[in-house]
Every structure is written in C-alpha cells, then in structure tokens.
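A.B. asks: This structure is in structure tokens; I'll ask about it shortly.
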Amino acid sequence: MKFNPCMKHKLIRDSVRHFAETELAPIAAEIDRNAVFPVDAIEKMKKLNYFGLQVPKEFGGADLDSISTAIVVEEISRVCAAVGLCVTVHNGVAVYPFLQFANQEQKEEYLPRLASGEIIGAFSLTEANAGSDAGSVETTAVKNGREYILNGTKIFVTNGGICDLSLIFALTNTDQKQLQSSVFIVESSFAGFLRGELEDLCGMRANPVSSLFLEDCRVPEKNLLGKLGMGMKIGMTTLDNGRIGVAAQALGIAQGAYEAAVKYAKERQQFKKPIASLQTIQNYIADMATEQAAARLLLYRACALKDEGAPFGCEAAMAKLYCSSVASRITSLAVQIHGGYGYSKEYDVERYFRDAKVTEIYEGTSEIQRMVIARAVLSQLIL
Ligand code: COS
C-alpha cells in the first residue's frame with residue numbers, strides 16, 4: 001500500500017492547479033454572482049481533454065486512471081466548484097455509462113464527440129416523485145415502429161441548460177406489478193426535447209441546472225442504452241461512479257476553504273497578534289487538516305478498487321458521505337475563522353460554504369449513502 005502520490009498524479013495535480021488558478025480563479029466569484037456558465041473557459045478545458053478523462057485513447061480520450069480523474073475534479077473544484085460539477089457530471093455519469101453499457105456502434109457515434117467536448121452530456125434520472133426513490137420514475141417510453149416516444153419531466157438536471165445529449169430514464173413497462181425502466185440516449189436536437197428555466201440555486205450557481213421536458217420526444221430505437229429494462233442497473237452502477245466524482249468535488253471545495261482559512265488566520269490581527277496564534281483557531285485548523293486527510297484516503301481507496309475491477313459501490317458511498325460532510329464542516333469553520341468577513345461576498349469562503357452543502361444532497365443524499373453502506377455491511381459484502 002502506497003500513501004505518497006506518484007509522479008504522474010503530482011504532474012496532473014500541478015497542471016490542473018495551474019489551469020484553475022490562471023483561468024478560473026479570476027472569474028469564479030463573478031460567474032457565481034451572475035449565474036453565468038463560463039463558455040470561454042470551458043472551450044479551453046475541452047482542448048485539455050477534461051471532457052474525455054477516462055475515455056480510451058482510440059476514441060480521443062485521456063484514458064486516465066480513477067485517482068487522476070479525481071485529482072482533476074478536486075483541483076477544478078478547489079477554485080470553482082460549479083465548473084468542477086460540469087466536468088464531473090459529464091465524465092462521471094454521462095460518459096461512464098457509455099463505457100460500461102453502450103454497444104460498439106453507439107461508442108463510435110458518441111464517444112469521440114463526448115471526449116472532445118463537442119457535445120456535453122447530462123444524466124436525467126430525477127423527477128418530482130423520484131428523488132431518493134430512484135425506482136419511481138414516471139417518464140414513459142412507448143415503442144412506435146423503429147422509435148420510442150418519450151413523455152415526462154426531469155428536474156434538477158446538472159448541465160441541463162447547455163447539454164447536447166442526456167441519458168433519460170423512462171418506464172418501458174408501466175404494469176404496476178412489474179415496473180421496468182430503460183435508458184435512452186437523447187440528443188437535444190431531437191423533436192420534443194425542451195428545456196425549462198435555469199434554477200436559481202443557493203450554490204453551484206454557474207452551472208446551468210434546469211428541468212428537461214420530453215413532449216412526444218422521438219428517439220430512434222438504436223439509442224436504447226444497454227438492454228430493455230436495465231434502467232435500475234444502469235442507474236445504480238452509474239451512481240456508484242458518480243459518487244466518487246462528488247466526493248472528489250467536495251474534497252476540492254474543502255481544500256480551497258481550508259487554504260483560505262489558514263492564510264486568513266495568519267494575516268488577521270486581533271489582540272495584537274495573528275489569530276493563528278490563538279489555541280481555539282489552532283484547534284479548528286488541526287481538525288480541518290485531519291478530516292481532510294482522512295477524506296482523501298477514503299476517496300482514493302474507492303478509486304483504487306474501481307481501477308482494480310473490484311466492487312466499489314459501498315466504498316464510493318463511504319467516500320461521498322464522508323467527503324461531503326467534511327466539506328460542509330470545513331467550509332463552515334472557514335467562515336467562522338473569517339468572522340464577519342467570512343459572511344460577506346468579499347471573501348471566497350462564503351461561496352465555498354454555499355457550494356459545499358449540495359454535495360450532501362445530490363447523487364444520493366447522505367441518508368441514502370448510509371442506506372447503501374448499511375445494506376453492504378448487513379449482507380456481509382463488507383465487514
Ligand atoms: N449496481 C448495480 N445494480 C444495482 C446496484 C448497484 N450498486 N444497486 C442496486 N442495483 C440493482 C439491484 O440489483 C436491483 O436489480 P433487480 O431489480 O434486477 O434485482 C435494482 O438495482 C434495484 O435495487 P434495489 O432493490 O436495491 O432498489 P431500491 O428501490 O431499494 O433503491 C437505493 C435502492 C435507495 C439505493 C436507490 O434507489 C438509490 O441509490 N437512490 C438514490 C438515487 C440518487 O442517488 N439520486 C440522485 C440522482 S442523480 S442527481
């Protein structure tokens with residue numbers, strides 16, 4: 001077992017950090033304030049292959065291992081979590097199911113364009129009555145000749161406002177005794193694909209989160225992903241992977257807030273000395289450093305298991321549960337250390353604090369992660 005990053009991981013971290021600090025740091029506060037998707041920065045990221053992180057080279061991707069992928073997401077999120085969200089959702093829950101379930105024809109048609117960022121992906125499972133209860137989707141897909149006709153509404157779709165393609169979960173068997181969902185590759189250019197208004201959210205404001213409406217949306221039968229009725233399996237497998245991405249994102253936010261708090265504590269003078277010399281502040285900093293280090297180990301363990309081809313769903317849930325709660329605690333402490341200034345938009349920690357919260361909610365709430373972990377423990381998949 002190795003605990004030190006290898007040279008490859010160090011180089012990736014350095015290069016993404018340089019990009020994030022040069023291109024994202026100057027705009028992060030403004031795009032948050034104005035809820036603007038940063039098109040120019042995204043174009044630069046496409047050229048750096050950030051949209052094809054784990055896509056094999058034959059399809060134009062970077063073919064990175066999972067720890068490298070987590071590092072990319074961490075480093076972007078350390079500076080601008082809303083952009084980290086765009087990247088991790090595209091790679092982790094839109095591209096990943098293609099790698100796992102698409103046939104050769106679908107891979108050839110879509111993977112090169114997804115990897116280059118020519119098309120940006122989304123993952124549409126959530127509905128008004130299907131949040132934590134992922135099996136309760138109501139969107140329907142009815143076969144009509146060589147097409148499926150989709151009808152329904154998806155909500156809180158990350159990248160929804162700009163996505164060129166979304167994976168849509170829809171019922172293909174509406175018999176109440178045997179509800180069955182399937183997954184469809186739906187391009188935004190298909191007739192009957194409509195977008196709702198952008199959500200006005202507490203955090204991650206530069207990501208265009210929206211609803212998607214399927215109104216007699218016509219999808220060619222060749223765009224069925226995997227087999228008919230595989231919706232839950234594809235959804236759950238994909239979410240296992242997506243949870244690694246959210247854990248990486250949460251850790252990146254925590255890192256950004258922690259660094260800002262340490263810097264501020266050394267600069268801010270009270271009682272005629274830097275507040276970093278006060279034991280109360282030192283206790284906060286020690287807790288932040290320790291929890292962050294522990295969170296990173298859990299995250300990289302899940303990544304390592306995934307790359308070994310071992311089951312990693314429970315470990316991904318643990319990483320997501322812990323990294324997100326650490327992110328909430330660390331960002332809250334970072335605000336506390338900044339005092340009144342931390343509550344003002346003048347300092348970045350206020351944005352980190354808002355961005356961190358949702359990592360405890362999306363891609364499965366903390367309560368759902370505990371359910372996944374407890375099920376694994378009780379069925380003795382893990383002890
Ligand atoms: N990998 C592959 N398949 C899985 C799986 C996994 N990790 N977990 C479950 N499945 C399969 C099961 O084997 C079962 O298949 P069969 O019907 O063929 O037996 C199917 O999926 C349903 O599983 P289960 O019965 O466990 O489903 P539940 O309805 O009890 O729900 C939870 C399980 C709660 C864990 C699931 O609904 C969930 O993760 N909810 C959160 C959804 C979420 O993260 N939403 C955010 C959306 S993205 S922002």
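In the structure tokens, chains take letters A, B, ... by order of appearance, with residues numbered from 1 within each chain and ligands from 1 in the order shown.
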May I have the residues within 6 Å of Phe193 of chain A as a list in words, using only C-alpha atoms and disregarding those fewer than 3 positions away in the same chain?

C.D. replies: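 Listed by chain and then number, they are Ser188, Phe190, Leu214 and Cys217 of chain A.
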
A.B. asks: Using only C-alpha atoms and all ligand atoms, which protein or nucleic acid residues are at most 7 Å from ligand 1, as an NGL selection string?

C.D. replies: :A and (125-126 or 131-135 or 232-234 or 236-237 or 239-240 or 313 or 362-365 or 368 or 371-372)

A.B. asks: DSSP says helix (DSSP H, G or I) for which residues of segment 219-298 of chain A? Put them as a ChimeraX atom specification?

C.D. replies: /A:221-223,231-267,275-277,279-298

A.B. asks: Rank nothing, just name the residue among A:Gly92, A:Gly161, A:Gly339, A:Pro220 nearest to Gln270 of chain A, using only C-alpha atoms.

C.D. replies: A:Gly339

A.B. asks: For segment 165-171 of chain A, work out the shell of residues within 9 Å, counting only C-alpha atoms and skipping chain neighbours fewer than 6 positions away, then give it as a ChimeraX atom specification.

C.D. replies: /A:93-94,97,119-126,137-142,150-152,154,179-189,225,229,231-232,235

A.B. asks: Find the residues near Ala304 of chain A: any atom within 8 Å, counting only C-alpha atoms, skip ones fewer than 3 places away on the same chain, and give them as a PyMOL selection string.

C.D. replies: chain A and resi 66-67+300-301+307-308

A.B. asks: Would you kindly return, as a list in words, each protein, DNA or RNA residue with an atom no farther than 10 Å from any atom of Val358 of chain A, considering only C-alpha atoms and excluding same-chain residues fewer than 6 positions away?

C.D. replies: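 My list of contacting residues is Leu201, Cys202, Gly203, Met204, Val246, Ala250, Ser324, Ser328 and Thr365 of chain A.
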
A.B. asks: Between atom CA of Lys272 of chain A and atom CA of Ile285 of chain A, measure the distance and give it in Å to one decimal.

C.D. replies: 20.2 Å

A.B. asks: Applying 10 Å and only C-alpha atoms, which residues near Glu23 of chain A remain after dropping the ones on its own chain fewer than 5 positions away? List them as a ChimeraX atom specification.

C.D. replies: /A:17-18,28,40-42,44-45,79

A.B. asks: Restricting the calculation to only C-alpha atoms: of A:Ile71, A:Met288, A:Ile76, A:Val55, which residue gets closest to Leu111 of chain A?

C.D. replies: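 Going through A:Ile71, A:Met288, A:Ile76, A:Val55 one by one, the smallest distance to Leu111 of chain A is for A:Val55.
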
A.B. asks: Would you please give, as an MDAnalysis selection string, all residues of segment 213-301 of chain A that DSSP assigns to strand (DSSP E) based on the backbone?

C.D. replies: chainID A and resid 213:220 224:225 269:270 273:274
